>>> print(open('upload01.txt').read())   # compact mmCIF, C-alpha atoms (C1' of nucleotides)
# COMPACT_ATOMS: atom_id res chain seq x y z
CA MET A 1 -2.07 4.85 -3.29
CA ILE A 2 -5.32 2.94 -2.96
CA LEU A 3 -8.04 3.50 -0.37
CA LYS A 4 -9.29 0.46 1.50
CA SER A 5 -12.48 -1.09 0.24
CA GLN A 6 -13.81 -0.44 3.74
CA VAL A 7 -14.09 3.22 2.76
CA GLU A 8 -16.59 2.34 0.06
CA TRP A 9 -18.44 0.07 2.45
CA ALA A 10 -18.63 2.66 5.20
CA LEU A 11 -19.97 5.35 2.86
CA HIS A 12 -22.72 3.13 1.51
CA CYS A 13 -23.64 1.94 4.99
CA CYS A 14 -23.87 5.50 6.27
CA ALA A 15 -26.15 6.37 3.37
CA ILE A 16 -28.47 3.59 4.48
CA LEU A 17 -28.28 4.56 8.13
CA ALA A 18 -29.16 8.11 7.14
CA GLY A 19 -32.48 6.81 5.86
CA LEU A 20 -33.43 5.09 9.09
CA PRO A 21 -36.31 6.56 11.07
CA GLU A 22 -35.40 8.27 14.31
CA GLY A 23 -34.25 5.88 17.02
CA ARG A 24 -34.09 2.71 14.94
CA TYR A 25 -30.94 0.58 14.64
CA LEU A 26 -29.65 -1.59 11.81
CA SER A 27 -27.35 -4.56 12.42
CA THR A 28 -24.09 -5.52 10.77
CA LYS A 29 -25.83 -8.61 9.48
CA ALA A 30 -28.46 -6.58 7.62
CA LEU A 31 -25.91 -4.13 6.21
CA ALA A 32 -23.69 -7.00 5.06
CA GLU A 33 -26.57 -8.78 3.35
CA LEU A 34 -27.78 -5.61 1.67
CA HIS A 35 -24.38 -4.92 0.15
CA GLY A 36 -23.17 -8.49 -0.32
CA LEU A 37 -20.21 -8.04 2.01
CA PRO A 38 -18.44 -10.34 4.49
CA LYS A 39 -20.21 -9.69 7.78
CA GLU A 40 -17.24 -10.16 10.07
CA TYR A 41 -14.99 -7.86 8.12
CA LEU A 42 -17.62 -5.21 7.52
CA SER A 43 -17.98 -5.24 11.28
CA LYS A 44 -14.46 -3.82 11.55
CA ALA A 45 -15.37 -0.88 9.36
CA LEU A 46 -18.47 -0.20 11.43
CA GLN A 47 -16.41 -0.39 14.59
CA SER A 48 -14.20 2.31 13.14
CA LEU A 49 -17.26 4.50 12.61
CA SER A 50 -18.26 3.82 16.20
CA GLN A 51 -14.83 4.73 17.56
CA ALA A 52 -15.02 7.97 15.60
CA SER A 53 -18.37 8.70 17.27
CA LEU A 54 -20.12 8.89 13.92
CA VAL A 55 -22.59 6.19 14.90
CA ASP A 56 -24.28 5.00 18.07
CA THR A 57 -24.62 1.33 18.83
CA THR A 58 -26.78 -0.86 20.98
CA LEU A 59 -26.50 -4.53 21.83
CA GLY A 60 -28.82 -7.50 21.76
CA PRO A 61 -31.50 -8.53 19.31
CA SER A 62 -32.86 -5.47 17.52
CA GLY A 63 -29.49 -3.87 18.17
CA GLY A 64 -27.08 -2.42 15.63
CA TYR A 65 -26.05 0.98 14.38
CA ARG A 66 -27.61 4.37 13.82
CA LEU A 67 -26.11 7.76 13.02
CA ALA A 68 -24.90 9.69 16.04
CA ARG A 69 -25.73 13.02 14.35
CA PRO A 70 -28.04 14.26 11.62
CA SER A 71 -26.70 13.37 8.16
CA SER A 72 -26.31 17.07 7.44
CA GLU A 73 -23.69 17.24 10.19
CA ILE A 74 -21.57 14.39 8.88
CA ASN A 75 -19.34 14.91 5.87
CA PHE A 76 -17.44 12.54 3.62
CA LEU A 77 -14.12 13.31 5.24
CA ASP A 78 -15.49 12.28 8.64
CA ILE A 79 -16.33 8.86 7.28
CA VAL A 80 -13.25 8.40 5.13
CA GLU A 81 -10.91 9.38 7.95
CA ALA A 82 -12.73 7.14 10.40
CA VAL A 83 -11.78 4.03 8.47
CA GLU A 84 -8.70 5.20 6.59
CA GLY A 85 -7.04 7.16 9.34
CA LYS A 86 -6.07 10.82 9.46
CA ALA A 87 -2.48 10.41 8.36
CA ARG A 88 -1.34 12.41 5.36
CA SER A 89 -0.74 10.50 2.15
CA PHE A 90 2.76 11.93 1.82
CA THR A 91 5.36 11.50 4.51
CA CYS A 92 8.53 13.52 4.38
CA THR A 93 11.53 11.46 5.41
CA ASN A 94 13.82 14.45 5.12
CA ILE A 95 16.22 12.89 2.68
CA ARG A 96 17.79 16.30 2.14
CA ASP A 97 19.34 15.78 5.57
CA ASN A 98 21.63 13.24 3.95
CA ASN A 99 23.18 15.77 1.62
CA PRO A 100 26.91 15.29 2.20
CA CYS A 101 27.47 19.01 1.65
CA ARG A 102 25.46 19.90 4.72
CA PRO A 103 27.38 21.44 7.58
CA ALA A 104 27.14 19.33 10.76
CA GLY A 105 24.35 20.35 13.10
CA TYR A 106 22.49 22.18 10.38
CA CYS A 107 18.79 22.46 11.12
CA ASP A 108 16.00 23.36 8.70
CA SER A 109 13.89 26.35 9.54
CA LYS A 110 10.93 25.23 7.43
CA PRO A 111 9.45 21.89 6.42
CA CYS A 112 10.73 20.66 3.09
CA ALA A 113 9.36 22.51 0.03
CA VAL A 114 8.49 19.21 -1.62
CA ALA A 115 6.47 18.13 1.39
CA ARG A 116 4.63 21.45 1.56
CA ILE A 117 3.38 21.01 -1.99
CA MET A 118 2.38 17.39 -1.48
CA TRP A 119 0.56 18.36 1.71
CA GLU A 120 -1.23 21.15 -0.12
CA ALA A 121 -2.58 18.60 -2.60
CA ASP A 122 -3.57 16.39 0.30
CA GLU A 123 -5.48 19.28 1.81
CA ALA A 124 -7.28 19.93 -1.49
CA TRP A 125 -8.42 16.31 -1.42
CA ARG A 126 -9.61 16.64 2.15
CA ASP A 127 -11.33 19.95 1.48
CA THR A 128 -13.36 18.40 -1.31
CA LEU A 129 -14.48 15.57 0.93
CA ARG A 130 -15.17 17.95 3.78
CA ARG A 131 -17.51 20.01 1.63
CA VAL A 132 -19.80 17.08 0.81
CA ARG A 133 -22.29 16.21 3.52
CA LEU A 134 -23.79 12.80 3.96
CA SER A 135 -27.17 14.45 3.45
CA ASP A 136 -25.99 15.62 0.03
CA LEU A 137 -25.29 12.04 -0.93
CA VAL A 138 -28.69 10.93 0.26
CA GLY A 139 -30.26 13.71 -1.77
CA THR A 140 -28.44 12.63 -4.90
CA LEU A 141 -29.30 8.99 -4.38
CA SER A 142 -32.97 9.70 -3.81
CA GLU A 143 -33.03 11.48 -7.17
CA GLU A 144 -31.00 8.96 -9.12
CA VAL A 145 -32.11 5.64 -7.73
CA PRO A 146 -35.37 4.56 -9.37
CA ALA A 147 -38.25 5.31 -7.02
CA GLU A 148 -39.42 1.73 -6.88
CA LEU A 149 -35.98 0.38 -5.96
CA TRP A 150 -35.54 3.14 -3.40
CA ARG A 151 -38.88 2.26 -1.81
CA SER A 152 -38.35 -1.50 -1.79
CA THR A 153 -34.85 -1.13 -0.38
CA PHE A 154 -36.04 0.83 2.62
CA GLU A 155 -38.93 -1.54 3.06
CA TRP A 156 -36.32 -4.32 3.19
CA VAL A 157 -34.24 -2.32 5.65
CA LEU A 158 -37.10 -1.38 7.95
CA LYS A 159 -38.15 -5.01 8.18
CA ARG A 160 -34.75 -5.67 9.75
CA ALA A 161 -34.22 -2.47 11.73
CA GLY A 162 -34.64 -2.85 15.47
CA MET B 1 -3.52 5.51 1.67
CA ILE B 2 0.21 6.13 1.66
CA LEU B 3 2.32 7.18 -1.29
CA LYS B 4 5.49 5.23 -1.96
CA SER B 5 8.71 6.71 -0.66
CA GLN B 6 9.85 6.57 -4.28
CA VAL B 7 7.60 9.58 -4.92
CA GLU B 8 9.64 11.67 -2.53
CA TRP B 9 12.86 10.36 -4.04
CA ALA B 10 11.78 11.09 -7.60
CA LEU B 11 10.75 14.65 -6.77
CA HIS B 12 14.03 15.46 -5.07
CA CYS B 13 16.01 13.85 -7.87
CA CYS B 14 14.13 15.85 -10.50
CA ALA B 15 14.88 19.03 -8.58
CA ILE B 16 18.56 18.20 -8.82
CA LEU B 17 18.38 17.27 -12.48
CA ALA B 18 16.64 20.58 -13.14
CA GLY B 19 19.79 22.32 -11.96
CA LEU B 20 22.10 20.48 -14.34
CA PRO B 21 23.67 22.48 -17.15
CA GLU B 22 22.38 21.73 -20.62
CA GLY B 23 23.45 18.35 -21.96
CA ARG B 24 25.01 16.96 -18.76
CA TYR B 25 23.90 13.70 -17.16
CA LEU B 26 23.86 12.58 -13.52
CA SER B 27 24.09 8.93 -12.54
CA THR B 28 21.97 6.88 -10.16
CA LYS B 29 25.06 6.47 -8.02
CA ALA B 30 25.46 10.21 -7.55
CA LEU B 31 21.76 10.79 -6.88
CA ALA B 32 21.72 7.95 -4.35
CA GLU B 33 24.76 9.28 -2.51
CA LEU B 34 23.43 12.81 -2.48
CA HIS B 35 20.16 11.73 -0.85
CA GLY B 36 21.41 8.80 1.19
CA LEU B 37 19.25 6.28 -0.65
CA PRO B 38 19.76 2.65 -1.68
CA LYS B 39 21.20 2.89 -5.15
CA GLU B 40 19.60 -0.24 -6.59
CA TYR B 41 16.13 0.65 -5.44
CA LEU B 42 16.36 4.31 -6.36
CA SER B 43 17.24 2.99 -9.80
CA LYS B 44 13.71 1.60 -10.08
CA ALA B 45 12.20 5.01 -9.44
CA LEU B 46 14.44 6.59 -12.05
CA GLN B 47 13.48 3.88 -14.51
CA SER B 48 9.86 4.87 -13.94
CA LEU B 49 10.72 8.46 -14.82
CA SER B 50 12.46 7.20 -17.92
CA GLN B 51 9.50 5.10 -18.99
CA ALA B 52 7.28 8.15 -18.56
CA SER B 53 9.62 10.05 -20.88
CA LEU B 54 10.33 12.64 -18.20
CA VAL B 55 14.05 12.02 -18.37
CA ASP B 56 16.57 11.02 -21.01
CA THR B 57 19.28 8.51 -20.26
CA THR B 58 22.62 7.54 -21.65
CA LEU B 59 24.90 4.62 -20.88
CA GLY B 60 28.52 4.17 -20.00
CA PRO B 61 30.82 6.20 -17.76
CA SER B 62 29.63 9.80 -17.60
CA GLY B 63 26.16 8.42 -18.33
CA GLY B 64 23.02 8.86 -16.26
CA TYR B 65 19.89 10.97 -16.33
CA ARG B 66 18.85 14.41 -17.43
CA LEU B 67 15.45 16.04 -17.84
CA ALA B 68 13.78 15.34 -21.16
CA ARG B 69 12.03 18.74 -21.11
CA PRO B 70 12.59 22.14 -19.49
CA SER B 71 11.62 22.08 -15.81
CA SER B 72 8.87 24.58 -16.59
CA GLU B 73 7.19 21.94 -18.75
CA ILE B 74 7.18 19.23 -16.09
CA ASN B 75 4.70 19.39 -13.24
CA PHE B 76 4.40 17.52 -9.97
CA LEU B 77 1.63 15.28 -11.24
CA ASP B 78 3.84 14.09 -14.10
CA ILE B 79 6.44 12.90 -11.62
CA VAL B 80 4.04 11.51 -9.02
CA GLU B 81 2.08 9.56 -11.61
CA ALA B 82 5.27 8.24 -13.19
CA VAL B 83 6.21 6.36 -10.05
CA GLU B 84 2.83 5.94 -8.35
CA GLY B 85 0.75 5.09 -11.39
CA LYS B 86 -2.27 6.86 -12.81
CA ALA B 87 -4.93 4.76 -11.12
CA ARG B 88 -7.53 6.58 -9.05
CA SER B 89 -7.27 6.23 -5.29
CA PHE B 90 -10.88 5.11 -5.01
CA THR B 91 -12.17 2.10 -6.88
CA CYS B 92 -15.88 1.51 -7.08
CA THR B 93 -16.70 -2.17 -6.71
CA ASN B 94 -20.39 -1.51 -7.30
CA ILE B 95 -21.60 -3.08 -4.11
CA ARG B 96 -25.02 -1.58 -4.76
CA ASP B 97 -25.36 -4.30 -7.40
CA ASN B 98 -25.72 -6.78 -4.56
CA ASN B 99 -28.87 -5.13 -3.26
CA PRO B 100 -31.31 -8.05 -2.99
CA CYS B 101 -34.18 -5.72 -3.90
CA ARG B 102 -32.75 -5.07 -7.35
CA PRO B 103 -34.75 -6.41 -10.24
CA ALA B 104 -32.78 -8.93 -12.30
CA GLY B 105 -30.94 -7.44 -15.26
CA TYR B 106 -31.09 -3.97 -13.83
CA CYS B 107 -28.33 -1.74 -15.18
CA ASP B 108 -27.14 1.58 -13.77
CA SER B 109 -27.30 4.57 -16.05
CA LYS B 110 -24.64 6.54 -14.18
CA PRO B 111 -21.55 5.65 -12.16
CA CYS B 112 -22.27 5.40 -8.45
CA ALA B 113 -22.85 8.70 -6.65
CA VAL B 114 -20.36 7.72 -3.97
CA ALA B 115 -17.68 7.06 -6.56
CA ARG B 116 -18.34 10.36 -8.33
CA ILE B 117 -17.66 12.29 -5.15
CA MET B 118 -14.55 10.31 -4.31
CA TRP B 119 -13.27 10.82 -7.85
CA GLU B 120 -13.95 14.53 -7.58
CA ALA B 121 -11.69 14.68 -4.54
CA ASP B 122 -9.10 12.68 -6.42
CA GLU B 123 -9.24 15.20 -9.23
CA ALA B 124 -8.79 18.07 -6.80
CA TRP B 125 -5.62 16.37 -5.57
CA ARG B 126 -4.36 15.90 -9.10
CA ASP B 127 -5.25 19.46 -10.10
CA THR B 128 -3.17 20.82 -7.27
CA LEU B 129 -0.19 18.75 -8.31
CA ARG B 130 -0.72 19.62 -11.95
CA ARG B 131 -0.57 23.32 -11.20
CA VAL B 132 2.90 23.16 -9.63
CA ARG B 133 5.74 23.05 -12.10
CA LEU B 134 9.12 21.56 -11.36
CA SER B 135 10.57 24.99 -12.07
CA ASP B 136 8.40 26.39 -9.27
CA LEU B 137 9.99 23.96 -6.85
CA VAL B 138 13.46 24.90 -7.98
CA GLY B 139 12.57 28.56 -7.52
CA THR B 140 11.39 27.95 -3.98
CA LEU B 141 14.42 25.87 -3.11
CA SER B 142 16.85 28.43 -4.47
CA GLU B 143 15.26 31.00 -2.15
CA GLU B 144 15.00 28.83 0.93
CA VAL B 145 18.15 26.77 0.84
CA PRO B 146 21.05 28.77 2.27
CA ALA B 147 23.13 30.14 -0.58
CA GLU B 148 26.32 28.45 0.55
CA LEU B 149 24.67 25.02 0.79
CA TRP B 150 22.99 25.54 -2.57
CA ARG B 151 26.31 26.43 -4.15
CA SER B 152 28.31 23.60 -2.60
CA THR B 153 25.64 21.07 -3.49
CA PHE B 154 25.76 21.91 -7.16
CA GLU B 155 29.52 22.00 -7.04
CA TRP B 156 29.32 18.45 -5.65
CA VAL B 157 26.84 17.48 -8.35
CA LEU B 158 28.80 18.98 -11.24
CA LYS B 159 31.92 17.16 -10.15
CA ARG B 160 29.98 13.95 -10.78
CA ALA B 161 27.87 14.94 -13.79
CA GLY B 162 28.99 13.48 -17.09
C1' DA C 1 -32.46 -19.10 30.17
C1' DA C 2 -31.60 -18.67 25.36
C1' DT C 3 -30.64 -15.76 21.60
C1' DT C 4 -28.73 -11.84 19.36
C1' DT C 5 -25.74 -8.14 19.12
C1' DG C 6 -21.31 -5.08 19.16
C1' DC C 7 -16.63 -5.41 20.48
C1' DG C 8 -11.86 -6.75 20.71
C1' DG C 9 -8.18 -10.08 20.19
C1' DA C 10 -5.84 -13.74 17.66
C1' DT C 11 -4.73 -15.68 13.55
C1' DA C 12 -4.23 -16.70 8.50
C1' DT C 13 -3.59 -15.21 3.78
C1' DG C 14 -2.63 -12.37 -0.26
C1' DA C 15 -1.01 -8.20 -2.28
C1' DT C 16 2.20 -4.72 -2.36
C1' DG C 17 6.17 -1.76 -1.01
C1' DT C 18 10.94 -2.15 -0.03
C1' DA C 19 15.34 -3.93 -1.05
C1' DT C 20 19.12 -6.68 -3.10
C1' DC C 21 21.39 -9.31 -6.60
C1' DC C 22 22.46 -10.63 -11.24
C1' DT C 23 22.75 -10.44 -16.30
C1' DT C 24 22.72 -7.87 -20.55
C1' DA C 25 23.70 -4.24 -23.72
C1' DA C 26 25.41 0.21 -24.62
C1' DT C 27 28.91 3.74 -23.99
C1' DT C 28 33.26 5.81 -22.56
C1' DC C 29 38.01 5.84 -21.60
C1' DC C 30 42.64 4.05 -21.88
C1' DG D 1 40.57 -3.72 -28.73
C1' DG D 2 39.79 -4.23 -23.78
C1' DA D 3 38.44 -2.66 -19.20
C1' DA D 4 35.34 -0.01 -16.62
C1' DT D 5 30.89 2.17 -16.03
C1' DT D 6 26.22 2.81 -16.79
C1' DA D 7 20.88 2.04 -17.42
C1' DA D 8 17.56 -1.59 -17.88
C1' DG D 9 15.11 -5.40 -16.51
C1' DG D 10 14.35 -9.93 -14.31
C1' DA D 11 14.50 -12.88 -10.11
C1' DT D 12 14.24 -13.17 -5.47
C1' DA D 13 13.61 -12.17 -0.46
C1' DC D 14 11.48 -9.73 3.22
C1' DA D 15 8.30 -6.68 5.78
C1' DT D 16 4.12 -4.37 6.03
C1' DC D 17 -0.58 -3.99 5.48
C1' DA D 18 -5.29 -5.00 3.59
C1' DT D 19 -8.37 -8.62 3.65
C1' DA D 20 -10.75 -12.15 5.94
C1' DT D 21 -12.19 -15.48 9.48
C1' DC D 22 -12.85 -17.21 14.04
C1' DC D 23 -13.44 -16.95 18.92
C1' DG D 24 -14.84 -15.37 23.51
C1' DC D 25 -16.90 -11.68 26.23
C1' DA D 26 -20.37 -8.53 27.89
C1' DA D 27 -24.67 -6.34 27.16
C1' DA D 28 -29.43 -6.30 25.71
C1' DT D 29 -33.73 -8.49 24.16
C1' DT D 30 -37.10 -12.06 24.07
>>> encode(input="upload01.txt", output="structure tokens")
Amino acid sequence: MILKSQVEWALHCCAILAGLPEGRYLSTKALAELHGLPKEYLSKALQSLSQASLVDTTLGPSGGYRLARPSSEINFLDIVEAVEGKARSFTCTNIRDNNPCRPAGYCDSKPCAVARIMWEADEAWRDTLRRVRLSDLVGTLSEEVPAELWRSTFEWVLKRAG
Amino acid sequence: MILKSQVEWALHCCAILAGLPEGRYLSTKALAELHGLPKEYLSKALQSLSQASLVDTTLGPSGGYRLARPSSEINFLDIVEAVEGKARSFTCTNIRDNNPCRPAGYCDSKPCAVARIMWEADEAWRDTLRRVRLSDLVGTLSEEVPAELWRSTFEWVLKRAG
DNA sequence: AATTTGCGGATATGATGTATCCTTAATTCC
DNA sequence: GGAATTAAGGATACATCATATCCGCAAATT
């Protein structure tokens, strides 16, 4: 059970977008260069964010991406689900239906007890991600990343932001 | 991020094994028939349980599997990790290292803030699974499964248990 | 008009989950 | 002792999906 690398990419890109001044856009090209990622494939991840309405886009030179909402109104789960999908990690295939002892036409009243527990764990995972806002990440980064690197990075970004 | 179907199989099989009388074994063949699963492939899942020391095995006719510990001392995470592996769902590839603004030879003091949050969610998932014992599942099933089906199923199982 | 951008489709490749088959060694039963 | 049964593990095939690249289109800027 491994998350796509696009999840990591999308989270880091959103953290950068969160630091953009109001109204500016940053292109796929700049985000790919900044993170050392394949531009064309990163583009797919960003398209997922766009389809989920997490980011706004604009075309042409000086075009690119910006957050569609304040970073305090976007949480980790929003981003993760945008690229990874909203499907649960456990799918119940109802193998108990194959029990040869079952009377014909028997129908379960509840979802399988095994599935309920697996889904509960899935929800715990989602809850944790839901509780962390993108702005929280930015706050942590701004504390942990050395001030000089933080400054030079955004200088680099702003030089490329349309 | 989808769990293997073997996870579902292993959980259901363990629930059956938990109902076996002391010292009896149940074969792959019986477990496969009971759940309508491909015998040869289910065998791989059971081998994983064996390698994780969750079950004991014995060879020959009347051979098969039984729990290695009481069902109250086996939790969901034990079983899930046995077949799914213990690797975290999120792997940090340290793409921040590619930041062109980084001074050469720069080394991070902490793991990436993004990774820490993703790992926290992963731990929440694992904690939930760790808190549910196999005996809890059996308790739930014995309440929810109609008494007659429950009885006839174990009659079916005992007829095949060595 | 030329360039740059996001977007979607088509395609290729590698890894992994799913599934089957076969051999080997251990155990039971006759 | 011999036949049957079992778990274990290796080899192989196939399908699905993540990864990655390329192309053409429409929109926006210069």
>>> closest_residue(input="upload01.txt", among="A:Val157, A:Asn75, A:Trp119, A:Gly60", to="DT30 of chain D", atoms="all atoms listed in the file")
A:Gly60
>>> closest_residue(input="upload01.txt", among="A:Leu34, A:Glu73, A:Glu84, A:Trp125", to="DA18 of chain D", atoms="all atoms listed in the file")
A:Glu84
>>> axis_aligned_box(input="upload01.txt", around="segment 75-88 of chain A", padding_each_side="5 Å", output="lines of an AutoDock Vina configuration file")
center_x = -10.3
center_y = 9.5
center_z = 7.0
size_x = 28.0
size_y = 20.9
size_z = 16.8
>>> residues_around(input="upload01.txt", residues="DT27 of chain C", least_positions_apart="6", cutoff="12 Å", atoms="only C-alpha atoms (C1' of nucleotides)", output="PyMOL selection string")
(chain B and resi 57-64+162) or (chain D and resi 4-7)
>>> closest_residue(input="upload01.txt", among="A:Asp56, A:Asp78, A:Glu148, A:Glu40", to="chain B", atoms="all atoms listed in the file")
A:Glu148
>>> residues_around(input="upload01.txt", residues="DT19 of chain D", least_positions_apart="2", cutoff="9 Å", atoms="all atoms listed in the file", output="ChimeraX atom specification")
/A:41 /C:13-14
>>> closest_residue(input="upload01.txt", among="B:Arg66, B:Arg96, B:Lys4, B:Arg131", to="DG17 of chain C", atoms="only C-alpha atoms (C1' of nucleotides)")
B:Lys4
>>> residues_around(input="upload01.txt", residues="DA12 of chain C", least_positions_apart="4", cutoff="12 Å", atoms="all atoms listed in the file", output="list of chain:residue names")
D:DT19, D:DA20, D:DT21, D:DC22
>>> closest_residue(input="upload01.txt", among="A:Ala113, A:Ser135, A:Ala45, A:Glu123", to="chain D", atoms="only C-alpha atoms (C1' of nucleotides)")
A:Ala45
>>> atom_distance(input="upload01.txt", atom1="atom CA of Lys44 of chain B", atom2="atom CA of Ala115 of chain A")
21.4 Å
>>> interface_residues(input="upload01.txt", of="chain A", to="chain B", cutoff="7 Å", atoms="only C-alpha atoms", output="JSON, numbers by chain")
{"A": [1, 2, 3, 34, 35, 36, 89, 90, 95, 96, 98, 99, 100, 101, 102, 113, 121, 122, 124, 125, 128, 129, 141, 149, 152, 153]}
>>> write_last_selection(input="upload01.txt", atoms="C-alpha atoms", output="short mmCIF file (atom, residue, chain, number, x, y, z; two decimals), keeping the file's coordinate frame")
data_model
loop_
_atom_site.label_atom_id
_atom_site.label_comp_id
_atom_site.auth_asym_id
_atom_site.auth_seq_id
_atom_site.Cartn_x
_atom_site.Cartn_y
_atom_site.Cartn_z
CA MET A 1 -2.07 4.85 -3.29
CA ILE A 2 -5.32 2.94 -2.96
CA LEU A 3 -8.04 3.50 -0.37
CA LEU A 34 -27.78 -5.61 1.67
CA HIS A 35 -24.38 -4.92 0.15
CA GLY A 36 -23.17 -8.49 -0.32
CA SER A 89 -0.74 10.50 2.15
CA PHE A 90 2.76 11.93 1.82
CA ILE A 95 16.22 12.89 2.68
CA ARG A 96 17.79 16.30 2.14
CA ASN A 98 21.63 13.24 3.95
CA ASN A 99 23.18 15.77 1.62
CA PRO A 100 26.91 15.29 2.20
CA CYS A 101 27.47 19.01 1.65
CA ARG A 102 25.46 19.90 4.72
CA ALA A 113 9.36 22.51 0.03
CA ALA A 121 -2.58 18.60 -2.60
CA ASP A 122 -3.57 16.39 0.30
CA ALA A 124 -7.28 19.93 -1.49
CA TRP A 125 -8.42 16.31 -1.42
CA THR A 128 -13.36 18.40 -1.31
CA LEU A 129 -14.48 15.57 0.93
CA LEU A 141 -29.30 8.99 -4.38
CA LEU A 149 -35.98 0.38 -5.96
CA SER A 152 -38.35 -1.50 -1.79
CA THR A 153 -34.85 -1.13 -0.38
#
>>> closest_residue(input="upload01.txt", among="D:DA15, D:DA26, D:DA3, D:DA8", to="chain A", atoms="all atoms listed in the file")
D:DA26
>>> closest_atom_pairs(input="upload01.txt", of="chain C", to="chain A", cutoff="6 Å", atoms="only C-alpha atoms (C1' of nucleotides)", output="CSV")
residue,atom,partner,partner_atom,distance
C:DT4,C1',A:Pro61,CA,4.3
C:DT5,C1',A:Gly60,CA,4.1
C:DG6,C1',A:Leu59,CA,5.9
>>> atom_distance(input="upload01.txt", atom1="atom CA of Tyr25 of chain B", atom2="atom C1' of DT24 of chain C")
21.9 Å
>>> residues_near_point(input="upload01.txt", point="(21.9, -12.8, -16.2)", cutoff="12 Å", atoms="all atoms listed in the file", output="count of residues only")
8
>>> atom_distance(input="upload01.txt", atom1="atom CA of Lys39 of chain A", atom2="atom CA of Leu26 of chain A")
13.1 Å
>>> interface_residues(input="upload01.txt", of="chain D", to="chain A", cutoff="6 Å", atoms="only C-alpha atoms (C1' of nucleotides)", output="VMD selection string")
chain D and resid 27 to 29
>>> build_atoms(input="upload01.txt", residues="segment 143-155 of chain B", atoms="N, CA and C atoms", output="PDB file, in the frame of the given file")
ATOM      1  N   GLU B 143      15.456  29.914  -3.129  1.00  0.00           N
ATOM      2  CA  GLU B 143      15.260  31.000  -2.150  1.00  0.00           C
ATOM      3  C   GLU B 143      15.482  30.512  -0.728  1.00  0.00           C
ATOM      4  N   GLU B 144      15.011  29.283  -0.462  1.00  0.00           N
ATOM      5  CA  GLU B 144      15.000  28.830   0.930  1.00  0.00           C
ATOM      6  C   GLU B 144      16.294  28.166   1.375  1.00  0.00           C
ATOM      7  N   VAL B 145      16.912  27.425   0.454  1.00  0.00           N
ATOM      8  CA  VAL B 145      18.150  26.770   0.840  1.00  0.00           C
ATOM      9  C   VAL B 145      19.242  27.832   0.984  1.00  0.00           C
ATOM     10  N   PRO B 146      19.975  27.783   2.071  1.00  0.00           N
ATOM     11  CA  PRO B 146      21.050  28.770   2.270  1.00  0.00           C
ATOM     12  C   PRO B 146      21.983  28.794   1.063  1.00  0.00           C
ATOM     13  N   ALA B 147      22.369  29.968   0.651  1.00  0.00           N
ATOM     14  CA  ALA B 147      23.130  30.140  -0.580  1.00  0.00           C
ATOM     15  C   ALA B 147      24.381  29.279  -0.610  1.00  0.00           C
ATOM     16  N   GLU B 148      25.063  29.209   0.516  1.00  0.00           N
ATOM     17  CA  GLU B 148      26.320  28.450   0.550  1.00  0.00           C
ATOM     18  C   GLU B 148      26.077  26.957   0.333  1.00  0.00           C
ATOM     19  N   LEU B 149      25.004  26.437   0.964  1.00  0.00           N
ATOM     20  CA  LEU B 149      24.670  25.020   0.790  1.00  0.00           C
ATOM     21  C   LEU B 149      24.243  24.749  -0.649  1.00  0.00           C
ATOM     22  N   TRP B 150      23.463  25.653  -1.179  1.00  0.00           N
ATOM     23  CA  TRP B 150      22.990  25.540  -2.570  1.00  0.00           C
ATOM     24  C   TRP B 150      24.190  25.468  -3.523  1.00  0.00           C
ATOM     25  N   ARG B 151      25.136  26.365  -3.299  1.00  0.00           N
ATOM     26  CA  ARG B 151      26.310  26.430  -4.150  1.00  0.00           C
ATOM     27  C   ARG B 151      27.163  25.156  -4.027  1.00  0.00           C
ATOM     28  N   SER B 152      27.431  24.754  -2.803  1.00  0.00           N
ATOM     29  CA  SER B 152      28.310  23.600  -2.600  1.00  0.00           C
ATOM     30  C   SER B 152      27.662  22.316  -3.094  1.00  0.00           C
ATOM     31  N   THR B 153      26.334  22.252  -2.999  1.00  0.00           N
ATOM     32  CA  THR B 153      25.640  21.070  -3.490  1.00  0.00           C
ATOM     33  C   THR B 153      25.812  20.921  -4.987  1.00  0.00           C
ATOM     34  N   PHE B 154      25.630  22.018  -5.706  1.00  0.00           N
ATOM     35  CA  PHE B 154      25.760  21.910  -7.160  1.00  0.00           C
ATOM     36  C   PHE B 154      27.209  21.777  -7.607  1.00  0.00           C
ATOM     37  N   GLU B 155      28.099  22.276  -6.779  1.00  0.00           N
ATOM     38  CA  GLU B 155      29.520  22.000  -7.040  1.00  0.00           C
ATOM     39  C   GLU B 155      29.767  20.503  -6.928  1.00  0.00           C
TER      40      GLU B 155
END
